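As stored in data_33.pdb (PDB, C-alpha atoms and all ligand atoms):
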ATOM      1  CA  MET R   1     -17.679   6.126  17.088
ATOM      2  CA  SER R   2     -14.929   4.416  15.099
ATOM      3  CA  ALA R   3     -11.638   6.213  14.614
ATOM      4  CA  THR R   4      -8.778   5.799  12.174
ATOM      5  CA  ALA R   5      -5.206   6.889  12.756
ATOM      6  CA  ALA R   6      -2.108   7.387  10.656
ATOM      7  CA  GLN R   7       1.423   8.554  11.209
ATOM      8  CA  ALA R   8       3.881  10.354   8.963
ATOM      9  CA  HIS R   9       7.333  11.844   9.335
ATOM     10  CA  PRO R  10       8.484  15.269   8.217
ATOM     11  CA  ASN R  11      10.902  15.297   5.339
ATOM     12  CA  ILE R  12      13.856  17.530   4.712
ATOM     13  CA  ALA R  13      14.461  18.791   1.202
ATOM     14  CA  LEU R  14      17.974  18.476  -0.191
ATOM     15  CA  ILE R  15      16.873  20.222  -3.391
ATOM     16  CA  LYS R  16      14.433  22.861  -2.209
ATOM     17  CA  TYR R  17      10.940  23.839  -3.296
ATOM     18  CA  TRP R  18      10.479  27.603  -2.954
ATOM     19  CA  GLY R  19       7.910  29.161  -5.275
ATOM     20  CA  LYS R  20       4.767  27.932  -6.980
ATOM     21  CA  GLN R  21       3.496  27.847 -10.524
ATOM     22  CA  ASP R  22       0.879  30.435 -11.353
ATOM     23  CA  LYS R  23      -1.911  27.862 -11.774
ATOM     24  CA  PRO R  24      -4.250  25.856  -9.553
ATOM     25  CA  GLY R  25      -3.244  22.682  -7.695
ATOM     26  CA  ASN R  26      -0.420  24.023  -5.496
ATOM     27  CA  LEU R  27       2.256  23.064  -8.017
ATOM     28  CA  PRO R  28       5.924  23.767  -7.222
ATOM     29  CA  ALA R  29       7.779  25.851  -9.795
ATOM     30  CA  THR R  30      10.848  23.578  -9.717
ATOM     31  CA  PRO R  31      11.539  19.863  -9.120
ATOM     32  CA  ASN R  32      12.571  19.028  -5.561
ATOM     33  CA  LEU R  33      13.971  16.104  -3.609
ATOM     34  CA  SER R  34      13.979  15.047   0.032
ATOM     35  CA  ILE R  35      14.623  12.438   2.690
ATOM     36  CA  THR R  36      12.223  11.618   5.540
ATOM     37  CA  LEU R  37      13.198  11.847   9.222
ATOM     38  CA  ALA R  38      12.425   8.795  11.363
ATOM     39  CA  GLU R  39      12.445  10.157  14.911
ATOM     40  CA  LEU R  40      10.141  13.115  14.252
ATOM     41  CA  THR R  41       6.544  11.943  13.990
ATOM     42  CA  THR R  42       3.047  13.310  13.467
ATOM     43  CA  ARG R  43       0.196  11.053  14.592
ATOM     44  CA  THR R  44      -3.273  11.975  13.367
ATOM     45  CA  ARG R  45      -6.575  10.407  14.428
ATOM     46  CA  VAL R  46      -9.811  11.083  12.566
ATOM     47  CA  SER R  47     -13.313  10.200  13.727
ATOM     48  CA  SER R  48     -16.806  11.131  12.618
ATOM     49  CA  ALA R  49     -18.245  14.273  14.244
ATOM     50  CA  GLY R  50     -21.206  16.656  14.007
ATOM     51  CA  ARG R  51     -18.973  19.290  12.419
ATOM     52  CA  ASP R  52     -15.312  19.593  11.471
ATOM     53  CA  GLU R  53     -12.991  20.108  14.429
ATOM     54  CA  LEU R  54      -9.203  20.293  14.419
ATOM     55  CA  TRP R  55      -7.125  19.643  17.538
ATOM     56  CA  LEU R  56      -3.385  20.201  17.297
ATOM     57  CA  ASN R  57      -1.259  18.960  20.217
ATOM     58  CA  GLY R  58      -4.372  18.984  22.418
ATOM     59  CA  ASN R  59      -5.497  22.519  21.482
ATOM     60  CA  ARG R  60      -8.526  23.420  19.375
ATOM     61  CA  LYS R  61      -7.335  25.150  16.161
ATOM     62  CA  GLU R  62      -8.813  26.809  13.084
ATOM     63  CA  ASP R  63      -6.470  26.243  10.171
ATOM     64  CA  PRO R  64      -7.425  27.786   6.797
ATOM     65  CA  LYS R  65      -5.150  25.325   4.974
ATOM     66  CA  VAL R  66      -6.873  22.310   6.552
ATOM     67  CA  ASN R  67     -10.313  23.845   5.886
ATOM     68  CA  GLY R  68      -9.401  24.464   2.241
ATOM     69  CA  PHE R  69      -8.038  20.945   1.941
ATOM     70  CA  LEU R  70     -11.234  19.372   3.304
ATOM     71  CA  ALA R  71     -13.369  21.579   1.037
ATOM     72  CA  ALA R  72     -11.383  20.485  -2.037
ATOM     73  CA  LEU R  73     -11.610  16.825  -1.010
ATOM     74  CA  ARG R  74     -15.384  17.090  -0.581
ATOM     75  CA  LYS R  75     -15.792  18.412  -4.130
ATOM     76  CA  LYS R  76     -14.589  14.989  -5.245
ATOM     77  CA  PHE R  77     -15.586  12.590  -2.442
ATOM     78  CA  ALA R  78     -18.312  12.180   0.142
ATOM     79  CA  VAL R  79     -16.418  12.883   3.368
ATOM     80  CA  GLU R  80     -18.587  13.395   6.446
ATOM     81  CA  PRO R  81     -17.639  16.001   9.091
ATOM     82  CA  LEU R  82     -14.513  14.940  10.964
ATOM     83  CA  LYS R  83     -12.858  15.414  14.295
ATOM     84  CA  ILE R  84      -9.126  15.559  13.526
ATOM     85  CA  GLU R  85      -6.647  15.152  16.388
ATOM     86  CA  SER R  86      -3.017  15.616  15.451
ATOM     87  CA  GLU R  87       0.048  15.374  17.694
ATOM     88  CA  ASN R  88       3.651  16.213  16.826
ATOM     89  CA  ASN R  89       6.555  14.976  18.936
ATOM     90  CA  PHE R  90       8.599  18.025  17.797
ATOM     91  CA  PRO R  91       8.108  21.839  17.696
ATOM     92  CA  THR R  92       5.242  22.775  15.354
ATOM     93  CA  GLY R  93       5.681  25.565  12.800
ATOM     94  CA  ALA R  94       9.342  26.143  13.530
ATOM     95  CA  GLY R  95      10.907  25.016  10.270
ATOM     96  CA  LEU R  96      10.736  21.300  11.024
ATOM     97  CA  ALA R  97       8.172  20.616   8.290
ATOM     98  CA  SER R  98       5.152  19.956  10.487
ATOM     99  CA  SER R  99       2.816  20.758   7.584
ATOM    100  CA  ALA R 100       4.523  18.057   5.504
ATOM    101  CA  SER R 101       3.988  15.283   8.031
ATOM    102  CA  GLY R 102       0.605  16.782   8.980
ATOM    103  CA  PHE R 103      -1.015  16.597   5.553
ATOM    104  CA  ALA R 104       0.636  13.253   4.759
ATOM    105  CA  ALA R 105      -0.805  11.727   7.943
ATOM    106  CA  LEU R 106      -4.174  13.421   7.394
ATOM    107  CA  ILE R 107      -4.782  12.130   3.867
ATOM    108  CA  THR R 108      -3.591   8.647   4.899
ATOM    109  CA  ALA R 109      -6.091   8.585   7.775
ATOM    110  CA  ILE R 110      -8.992  10.068   5.756
ATOM    111  CA  ASN R 111      -8.344   7.723   2.842
ATOM    112  CA  GLU R 112      -8.937   4.774   5.159
ATOM    113  CA  HIS R 113     -11.676   6.324   7.294
ATOM    114  CA  ALA R 114     -13.815   7.504   4.368
ATOM    115  CA  GLN R 115     -12.788   4.596   2.124
ATOM    116  CA  LEU R 116     -11.620   6.914  -0.671
ATOM    117  CA  GLY R 117      -9.680   4.093  -2.353
ATOM    118  CA  LEU R 118      -6.660   6.270  -3.259
ATOM    119  CA  ASN R 119      -3.342   4.597  -3.990
ATOM    120  CA  ARG R 120      -0.113   6.111  -2.600
ATOM    121  CA  GLU R 121       0.527   8.269  -5.689
ATOM    122  CA  LEU R 122      -2.952   9.781  -5.515
ATOM    123  CA  MET R 123      -2.627  10.326  -1.762
ATOM    124  CA  SER R 124       0.630  12.141  -2.553
ATOM    125  CA  GLU R 125      -1.228  14.369  -5.017
ATOM    126  CA  TRP R 126      -3.851  15.244  -2.402
ATOM    127  CA  ALA R 127      -1.202  15.866   0.242
ATOM    128  CA  ARG R 128       0.498  18.225  -2.232
ATOM    129  CA  ARG R 129      -2.692  20.262  -2.525
ATOM    130  CA  GLY R 130      -2.554  20.721   1.255
ATOM    131  CA  SER R 131       1.163  21.545   1.361
ATOM    132  CA  ALA R 132       3.475  20.649  -1.510
ATOM    133  CA  SER R 133       6.280  19.296   0.667
ATOM    134  CA  ALA R 134       3.724  16.896   2.214
ATOM    135  CA  ALA R 135       3.523  15.016  -1.097
ATOM    136  CA  ARG R 136       7.025  13.684  -0.332
ATOM    137  CA  SER R 137       6.189  12.328   3.145
ATOM    138  CA  LEU R 138       4.008   9.608   1.587
ATOM    139  CA  PHE R 139       7.230   7.806   0.616
ATOM    140  CA  SER R 140      10.388   6.572   2.334
ATOM    141  CA  GLY R 141      13.999   6.820   1.193
ATOM    142  CA  TYR R 142      15.063   9.429  -1.352
ATOM    143  CA  VAL R 143      11.919  11.042  -2.710
ATOM    144  CA  ALA R 144      11.371  13.242  -5.772
ATOM    145  CA  LEU R 145       8.506  15.608  -6.554
ATOM    146  CA  VAL R 146       8.728  16.364 -10.255
ATOM    147  CA  PRO R 147       6.675  17.292 -13.321
ATOM    148  CA  PRO R 148       4.497  16.530 -15.155
ATOM    149  CA  MET R 149       2.201  14.919 -12.568
ATOM    150  CA  TRP R 150       3.708  16.457  -9.416
ATOM    151  CA  ARG R 151       3.032  13.298  -7.406
ATOM    152  CA  ALA R 152       6.021  12.184  -5.386
ATOM    153  CA  HIS R 153       7.876   8.945  -6.040
ATOM    154  CA  GLN R 154      10.821   7.121  -4.490
ATOM    155  CA  LEU R 155      14.138   7.603  -6.312
ATOM    156  CA  ALA R 156      15.999   5.077  -4.149
ATOM    157  CA  PRO R 157      15.345   3.285  -0.850
ATOM    158  CA  ALA R 158      17.180   4.446   2.277
ATOM    159  CA  SER R 159      19.331   1.285   2.161
ATOM    160  CA  HIS R 160      20.874   2.523  -1.117
ATOM    161  CA  MET R 161      22.910   5.139   0.827
ATOM    162  CA  PRO R 162      21.749   5.422   4.455
ATOM    163  CA  LEU R 163      22.088   8.895   5.947
ATOM    164  CA  ASN R 164      21.524  10.369   9.377
ATOM    165  CA  VAL R 165      20.221  13.851  10.036
ATOM    166  CA  VAL R 166      21.355  15.668  13.173
ATOM    167  CA  VAL R 167      18.834  18.416  13.904
ATOM    168  CA  ALA R 168      20.090  21.397  15.928
ATOM    169  CA  ILE R 169      17.169  23.337  17.388
ATOM    170  CA  THR R 170      18.289  26.932  17.816
ATOM    171  CA  ASN R 171      14.886  28.455  18.650
ATOM    172  CA  ARG R 172      11.579  26.706  19.408
ATOM    173  CA  GLN R 173       9.272  29.657  18.595
ATOM    174  CA  THR R 174       6.765  29.435  15.748
ATOM    175  CA  LYS R 175       7.878  31.329  12.658
ATOM    176  CA  SER R 176       6.259  34.668  11.873
ATOM    177  CA  VAL R 177       6.075  34.244   8.084
ATOM    178  CA  SER R 178       4.725  30.955   6.739
ATOM    179  CA  SER R 179       6.441  29.181   3.825
ATOM    180  CA  THR R 180       3.392  29.745   1.641
ATOM    181  CA  GLN R 181       3.472  33.491   2.223
ATOM    182  CA  GLY R 182       7.254  33.747   2.114
ATOM    183  CA  MET R 183       7.656  31.967  -1.211
ATOM    184  CA  GLU R 184       5.028  34.231  -2.730
ATOM    185  CA  TYR R 185       7.017  37.298  -1.609
ATOM    186  CA  SER R 186      10.116  35.762  -3.212
ATOM    187  CA  ARG R 187       8.340  34.981  -6.485
ATOM    188  CA  LEU R 188       7.018  38.508  -6.742
ATOM    189  CA  THR R 189       9.986  40.508  -5.507
ATOM    190  CA  SER R 190      13.364  38.725  -5.404
ATOM    191  CA  PRO R 191      15.612  39.838  -8.274
ATOM    192  CA  TYR R 192      17.127  36.338  -8.220
ATOM    193  CA  TYR R 193      13.879  34.424  -8.669
ATOM    194  CA  SER R 194      14.272  33.924 -12.436
ATOM    195  CA  ALA R 195      17.792  32.515 -11.914
ATOM    196  CA  TRP R 196      16.354  30.158  -9.285
ATOM    197  CA  LEU R 197      13.784  28.882 -11.798
ATOM    198  CA  ARG R 198      16.411  28.434 -14.512
ATOM    199  CA  GLY R 199      18.791  26.510 -12.236
ATOM    200  CA  GLY R 200      16.212  24.244 -10.581
ATOM    201  CA  PRO R 201      16.138  21.384 -13.102
ATOM    202  CA  ASP R 202      19.955  21.146 -13.265
ATOM    203  CA  ASP R 203      20.273  21.136  -9.470
ATOM    204  CA  PHE R 204      17.690  18.381  -9.269
ATOM    205  CA  ALA R 205      19.482  16.357 -11.976
ATOM    206  CA  ALA R 206      22.859  16.763 -10.213
ATOM    207  CA  ALA R 207      21.420  15.558  -6.901
ATOM    208  CA  SER R 208      19.645  12.586  -8.509
ATOM    209  CA  SER R 209      22.836  11.513 -10.215
ATOM    210  CA  ALA R 210      24.858  11.910  -6.973
ATOM    211  CA  ILE R 211      22.329   9.680  -5.187
ATOM    212  CA  ASN R 212      22.349   7.198  -8.022
ATOM    213  CA  GLN R 213      26.160   6.954  -7.824
ATOM    214  CA  ARG R 214      26.214   7.018  -3.984
ATOM    215  CA  ASP R 215      28.461  10.076  -4.258
ATOM    216  CA  PHE R 216      28.033  11.751  -0.852
ATOM    217  CA  GLU R 217      30.445  14.612  -1.604
ATOM    218  CA  ALA R 218      28.612  15.567  -4.806
ATOM    219  CA  LEU R 219      25.281  15.380  -2.967
ATOM    220  CA  ALA R 220      26.715  17.566  -0.190
ATOM    221  CA  GLN R 221      27.814  20.255  -2.635
ATOM    222  CA  ILE R 222      24.599  20.490  -4.612
ATOM    223  CA  SER R 223      22.377  20.282  -1.513
ATOM    224  CA  GLU R 224      24.180  23.102   0.306
ATOM    225  CA  LEU R 225      24.048  25.172  -2.869
ATOM    226  CA  SER R 226      20.295  24.623  -3.244
ATOM    227  CA  CYS R 227      19.773  25.627   0.393
ATOM    228  CA  LEU R 228      21.917  28.763   0.069
ATOM    229  CA  LYS R 229      20.241  29.758  -3.197
ATOM    230  CA  MET R 230      16.861  29.484  -1.482
ATOM    231  CA  HIS R 231      18.043  31.596   1.463
ATOM    232  CA  SER R 232      19.454  34.150  -1.001
ATOM    233  CA  LEU R 233      15.960  34.438  -2.493
ATOM    234  CA  MET R 234      14.518  34.811   0.994
ATOM    235  CA  LEU R 235      16.978  37.530   1.996
ATOM    236  CA  THR R 236      16.390  39.486  -1.218
ATOM    237  CA  SER R 237      12.601  39.355  -0.992
ATOM    238  CA  ASN R 238      10.487  42.315   0.000
ATOM    239  CA  PRO R 239       9.721  42.109   2.874
ATOM    240  CA  THR R 240      13.006  40.376   3.598
ATOM    241  CA  LEU R 241      12.783  36.852   5.008
ATOM    242  CA  SER R 242      15.592  36.303   7.428
ATOM    243  CA  TYR R 243      15.290  32.959   9.202
ATOM    244  CA  TRP R 244      18.782  32.506  10.668
ATOM    245  CA  ASN R 245      19.916  33.499  14.141
ATOM    246  CA  PRO R 246      23.506  33.611  15.479
ATOM    247  CA  ALA R 247      23.344  29.963  16.586
ATOM    248  CA  THR R 248      22.183  28.896  13.095
ATOM    249  CA  VAL R 249      25.241  30.614  11.592
ATOM    250  CA  ALA R 250      27.553  29.122  14.246
ATOM    251  CA  CYS R 251      26.213  25.647  13.359
ATOM    252  CA  MET R 252      26.763  26.293   9.628
ATOM    253  CA  ASP R 253      30.378  27.299  10.302
ATOM    254  CA  ALA R 254      30.919  24.226  12.489
ATOM    255  CA  VAL R 255      29.568  21.912   9.776
ATOM    256  CA  ARG R 256      31.865  23.551   7.199
ATOM    257  CA  ASP R 257      34.852  23.064   9.537
ATOM    258  CA  LEU R 258      33.974  19.400  10.050
ATOM    259  CA  ARG R 259      33.679  18.883   6.308
ATOM    260  CA  ASN R 260      37.036  20.574   5.692
ATOM    261  CA  GLN R 261      38.525  18.072   8.147
ATOM    262  CA  GLY R 262      37.159  15.209   6.040
ATOM    263  CA  CYS R 263      33.975  14.484   7.972
ATOM    264  CA  ALA R 264      31.101  13.405   5.655
ATOM    265  CA  VAL R 265      28.515  16.027   6.574
ATOM    266  CA  PHE R 266      26.633  18.957   5.036
ATOM    267  CA  PHE R 267      23.961  21.333   6.300
ATOM    268  CA  THR R 268      20.527  22.312   5.131
ATOM    269  CA  ILE R 269      18.068  24.847   6.579
ATOM    270  CA  ASP R 270      14.401  25.444   5.760
ATOM    271  CA  ALA R 271      12.047  28.335   6.524
ATOM    272  CA  GLY R 272      13.128  28.520  10.138
ATOM    273  CA  PRO R 273      16.280  28.812  12.262
ATOM    274  CA  GLN R 274      16.918  25.086  12.846
ATOM    275  CA  LEU R 275      19.942  23.534  11.178
ATOM    276  CA  LYS R 276      19.887  19.986   9.877
ATOM    277  CA  ALA R 277      23.292  18.360   9.442
ATOM    278  CA  VAL R 278      23.036  15.469   6.992
ATOM    279  CA  CYS R 279      25.816  12.909   7.376
ATOM    280  CA  LEU R 280      26.994   9.387   6.670
ATOM    281  CA  PRO R 281      26.255   7.140   9.690
ATOM    282  CA  GLU R 282      29.920   6.904  10.756
ATOM    283  CA  ALA R 283      30.113  10.718  11.127
ATOM    284  CA  THR R 284      27.026  10.991  13.360
ATOM    285  CA  SER R 285      28.605  11.001  16.822
ATOM    286  CA  GLN R 286      31.180  13.633  15.874
ATOM    287  CA  VAL R 287      28.525  15.828  14.233
ATOM    288  CA  ALA R 288      26.131  15.496  17.184
ATOM    289  CA  ALA R 289      28.885  16.298  19.717
ATOM    290  CA  THR R 290      29.922  19.382  17.740
ATOM    291  CA  LEU R 291      26.372  20.742  17.468
ATOM    292  CA  LYS R 292      25.619  19.975  21.139
ATOM    293  CA  ASN R 293      28.563  22.205  22.059
ATOM    294  CA  ILE R 294      26.809  25.074  20.278
ATOM    295  CA  VAL R 295      23.110  24.638  21.107
ATOM    296  CA  GLY R 296      23.165  22.360  24.176
ATOM    297  CA  ASP R 297      22.543  18.629  24.600
ATOM    298  CA  GLU R 298      18.769  18.961  24.866
ATOM    299  CA  GLN R 299      18.482  20.812  21.553
ATOM    300  CA  VAL R 300      19.986  18.112  19.338
ATOM    301  CA  ILE R 301      17.948  15.272  17.812
ATOM    302  CA  VAL R 302      19.587  12.484  15.828
ATOM    303  CA  CYS R 303      17.333  11.023  13.125
ATOM    304  CA  GLY R 304      17.634   8.183  10.691
ATOM    305  CA  MET R 305      15.739   8.030   7.419
ATOM    306  CA  GLY R 306      12.067   7.361   8.141
ATOM    307  CA  ASP R 307       9.326   5.149   6.786
ATOM    308  CA  ALA R 308       6.541   6.170   4.460
ATOM    309  CA  ALA R 309       3.282   7.480   5.903
ATOM    310  CA  GLY R 310       1.070   4.643   7.106
ATOM    311  CA  LEU R 311      -1.867   3.582   9.259
ATOM    312  CA  ILE R 312      -1.432   2.953  12.986
ATOM    313  CA  GLU R 313      -3.695   1.736  15.819
ATOM    314  CA  PRO R 314      -6.118   4.557  16.702
TER     315      PRO R 314
HETATM  316  C1  LIG R 401      11.542  25.568   2.783
HETATM  317  O1  LIG R 401       5.441  22.768   1.494
HETATM  318  O2  LIG R 401       5.368  24.281   3.524
HETATM  319  O3  LIG R 401      10.517  23.544   3.487
HETATM  320  O4  LIG R 401       3.078  24.183  -0.386
HETATM  321  O5  LIG R 401       2.810  26.476   0.489
HETATM  322  O6  LIG R 401       2.441  24.537   2.012
HETATM  323  P1  LIG R 401       3.186  25.056   0.812
HETATM  324  O7  LIG R 401       4.715  25.158   1.268
HETATM  325  P2  LIG R 401       5.601  24.113   2.067
HETATM  326  O8  LIG R 401       7.059  24.681   1.711
HETATM  327  C2  LIG R 401       8.230  23.999   2.031
HETATM  328  C3  LIG R 401       9.390  24.886   1.830
HETATM  329  C4  LIG R 401      10.694  24.360   2.360
HETATM  330  C5  LIG R 401      11.465  23.620   1.271
HETATM  331  C6  LIG R 401      11.003  22.219   0.946
HETATM  332  O9  LIG R 401      10.504  21.496   1.824
HETATM  333  O10 LIG R 401      11.187  21.827  -0.224
END
Produce structure tokens that represent the structure in this file.
Amino acid sequence: MSATAAQAHPNIALIKYWGKQDKPGNLPATPNLSITLAELTTRTRVSSAGRDELWLNGNRKEDPKVNGFLAALRKKFAVEPLKIESENNFPTGAGLASSASGFAALITAINEHAQLGLNRELMSEWARRGSASAARSLFSGYVALVPPMWRAHQLAPASHMPLNVVVAITNRQTKSVSSTQGMEYSRLTSPYYSAWLRGGPDDFAAASSAINQRDFEALAQISELSCLKMHSLMLTSNPTLSYWNPATVACMDAVRDLRNQGCAVFFTIDAGPQLKAVCLPEATSQVAATLKNIVGDEQVIVCGMGDAAGLIEP
């Protein structure tokens, strides 16, 4: 039976998405912006089967999000039952955006396998329905996910201002509260949620203009602020969402110290305890050495900016 395969990279948001609009389509409440990480990869192979089957890193899985995604796709297109085999070369479900690369690779593979004829923008829209951050992994470089269409697009190629991302893994366990659930708690209960909504467009505009002007320091300031605002929402949600551990905080302090010494680096953290230090290429070795001192050599991954999702040999 013929198979089709695609790969995609996770992306890391500099301006965060945390909270959805109260309407169908899995629409973020605020514009958001990311870069894609080259060394972390999801490879997904789809083939025709008697019934749908999902295999994640070699294990049979039932995933309600994937089931819902396939059901929505089949309302629009004739997609036969599929065996889906997906492999990540990084910890799954630990705040390294495996759902982003997962849905981006999945729609890319299904588009080819079932001959859906979607262009990249429409694949981004479908990926968004699976997981909104996945919409951004269809593109390389600096990527925006904005109204009114909420399909991602590239703001600038990576060559415009190349960055490296040094990932410090502080805990490899799967998170207990998913992003989808967590952001719903924040929307419903955080007293700061309305301020988050009000500030979102300005934060996005400030980051876009910093990228446009290749102003790393301005991008550093607005990106750290967006991250800390999101974690303030998380901490003030009921139930509280506390993703950091002592090593995460030690890494944040170390990145601040480096920056105070003139090193071009800032941190960002998603719905998990891993810290991502985003830096100019010349700062990479110093940043990696500093984080290795805290979490150990094996727990640090240095990434460049990755390619867009695309087909690979099955
Ligand atoms: C903290 O895209 O995983 O990584 O749309 O519900 O699947 P769903 O959420 P998801 O949330 C990502 C949240 C984040 C920030 C970001 O990537 O913008």
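Evaluated against this file, the PyMOL selection byres (((not hetatm)) within 7 of (chain R and resi 401)) yields Ile12, Ala13, Ile15, Lys16, Tyr17, Trp18, Asn26, Asn32, Gly95, Ala97, Ser99, Ala100, Arg128, Gly130, Ser131, Ala132, Ser133, Ala134, Ser179, Thr180, Asp270 and Ala271 of chain R.
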For the residues in that selection, give me C-alpha atoms as a PDB file, keeping the file's coordinate frame.
ATOM      1  CA  ILE R  12      13.856  17.530   4.712  1.00  0.00           C
ATOM      2  CA  ALA R  13      14.461  18.791   1.202  1.00  0.00           C
ATOM      3  CA  ILE R  15      16.873  20.222  -3.391  1.00  0.00           C
ATOM      4  CA  LYS R  16      14.433  22.861  -2.209  1.00  0.00           C
ATOM      5  CA  TYR R  17      10.940  23.839  -3.296  1.00  0.00           C
ATOM      6  CA  TRP R  18      10.479  27.603  -2.954  1.00  0.00           C
ATOM      7  CA  ASN R  26      -0.420  24.023  -5.496  1.00  0.00           C
ATOM      8  CA  ASN R  32      12.571  19.028  -5.561  1.00  0.00           C
ATOM      9  CA  GLY R  95      10.907  25.016  10.270  1.00  0.00           C
ATOM     10  CA  ALA R  97       8.172  20.616   8.290  1.00  0.00           C
ATOM     11  CA  SER R  99       2.816  20.758   7.584  1.00  0.00           C
ATOM     12  CA  ALA R 100       4.523  18.057   5.504  1.00  0.00           C
ATOM     13  CA  ARG R 128       0.498  18.225  -2.232  1.00  0.00           C
ATOM     14  CA  GLY R 130      -2.554  20.721   1.255  1.00  0.00           C
ATOM     15  CA  SER R 131       1.163  21.545   1.361  1.00  0.00           C
ATOM     16  CA  ALA R 132       3.475  20.649  -1.510  1.00  0.00           C
ATOM     17  CA  SER R 133       6.280  19.296   0.667  1.00  0.00           C
ATOM     18  CA  ALA R 134       3.724  16.896   2.214  1.00  0.00           C
ATOM     19  CA  SER R 179       6.441  29.181   3.825  1.00  0.00           C
ATOM     20  CA  THR R 180       3.392  29.745   1.641  1.00  0.00           C
ATOM     21  CA  ASP R 270      14.401  25.444   5.760  1.00  0.00           C
ATOM     22  CA  ALA R 271      12.047  28.335   6.524  1.00  0.00           C
TER      23      ALA R 271
END
Legend entry - Distance criterion (all atoms listed in the file): nearest to R:Pro273 out of R:Leu96, R:Cys227, R:Met183, R:Leu233: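 Distance minimum relative to R:Pro273 lands on R:Leu96.
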Inset, instruction - Give as a VMD selection string the residues that the PyMOL selection byres (((chain R and resi 30) around 12) and not hetatm) matches when applied to the coordinates above. - result: chain R and resid 15 to 21 27 to 29 31 to 33 132 144 to 148 150 193 to 205 226 230
Inset, instruction - Would you mind reading off the distance between atom CA of R:Leu163 and atom CA of R:Leu311, one decimal, in Å? - result: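 Distance reported for this atom pair: 24.8 Å.
Using all atoms listed in the file, the smallest distance between any of R:Val300, R:Leu188, R:Ile35, R:Met305 and R:Phe90 comes from R:Val300.
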Inset, instruction - Return the single residue from R:Thr284, R:Ala3, R:Gly310, R:Gly102 that is closest to R:Lys65, with distances computed using only C-alpha atoms. - result: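 Smallest separation from R:Lys65 among the options: R:Gly102.
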Inset, instruction - Enumerate, as a ChimeraX atom specification, the residues matched when the PyMOL selection byres (((chain R and resi 77) around 12) and not hetatm) is run on the file above. - result: /R:70-76,78-80,110-111,114-118
Inset, instruction - Might you pull out every residue within 6 Å of R:Thr36, with only C-alpha atoms counted and same-chain residues fewer than 4 positions away left off, and present them as a PyMOL selection string? - result: chain R and resi 10-11+305-306
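Distances to R:Pro191 were evaluated for R:Met234, R:Leu241, R:Leu225, R:Leu291 using only C-alpha atoms, and the minimum falls at R:Met234.
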Inset, instruction - Compile the contact shell of R:Met252 as a PyMOL selection string: residues with an atom at most 9 Å away, counting all atoms listed in the file, same-chain residues fewer than 5 positions apart removed. - result: chain R and resi 247+257+266-268+275+277
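Interatomic distance, atom CA of R:Lys292 to atom CA of R:Asn245: 16.3 Å.
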Legend entry - d(atom CA of R:Ala168, atom CA of R:Gln274) in Å: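 Going from atom CA of R:Ala168 over to atom CA of R:Gln274, I get 5.8 Å.
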Inset, instruction - Tell me which of R:Pro246, R:Pro162, R:Pro24, R:Pro81 sits closest to R:Ile294, counting all atoms listed in the file. - result: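 When distances to R:Ile294 are compared using all atoms listed in the file, the smallest one comes from R:Pro246.
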Inset, instruction - Kindly provide, as a PyMOL selection string, the polymer residues lying within 6 Å of (14.7, 10.9, -3.8), counting only C-alpha atoms and using the coordinates exactly as they appear in the file. - result: chain R and resi 33-34+142-144+154-156
Inset, instruction - Compare R:Leu37, R:Ala135, R:Val165, R:Ala220 by their minimum atom-to-atom distance to R:Arg151, counting all atoms listed in the file, and give me the closest one. - result: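 Among the listed residues, R:Ala135 lies closest to R:Arg151.
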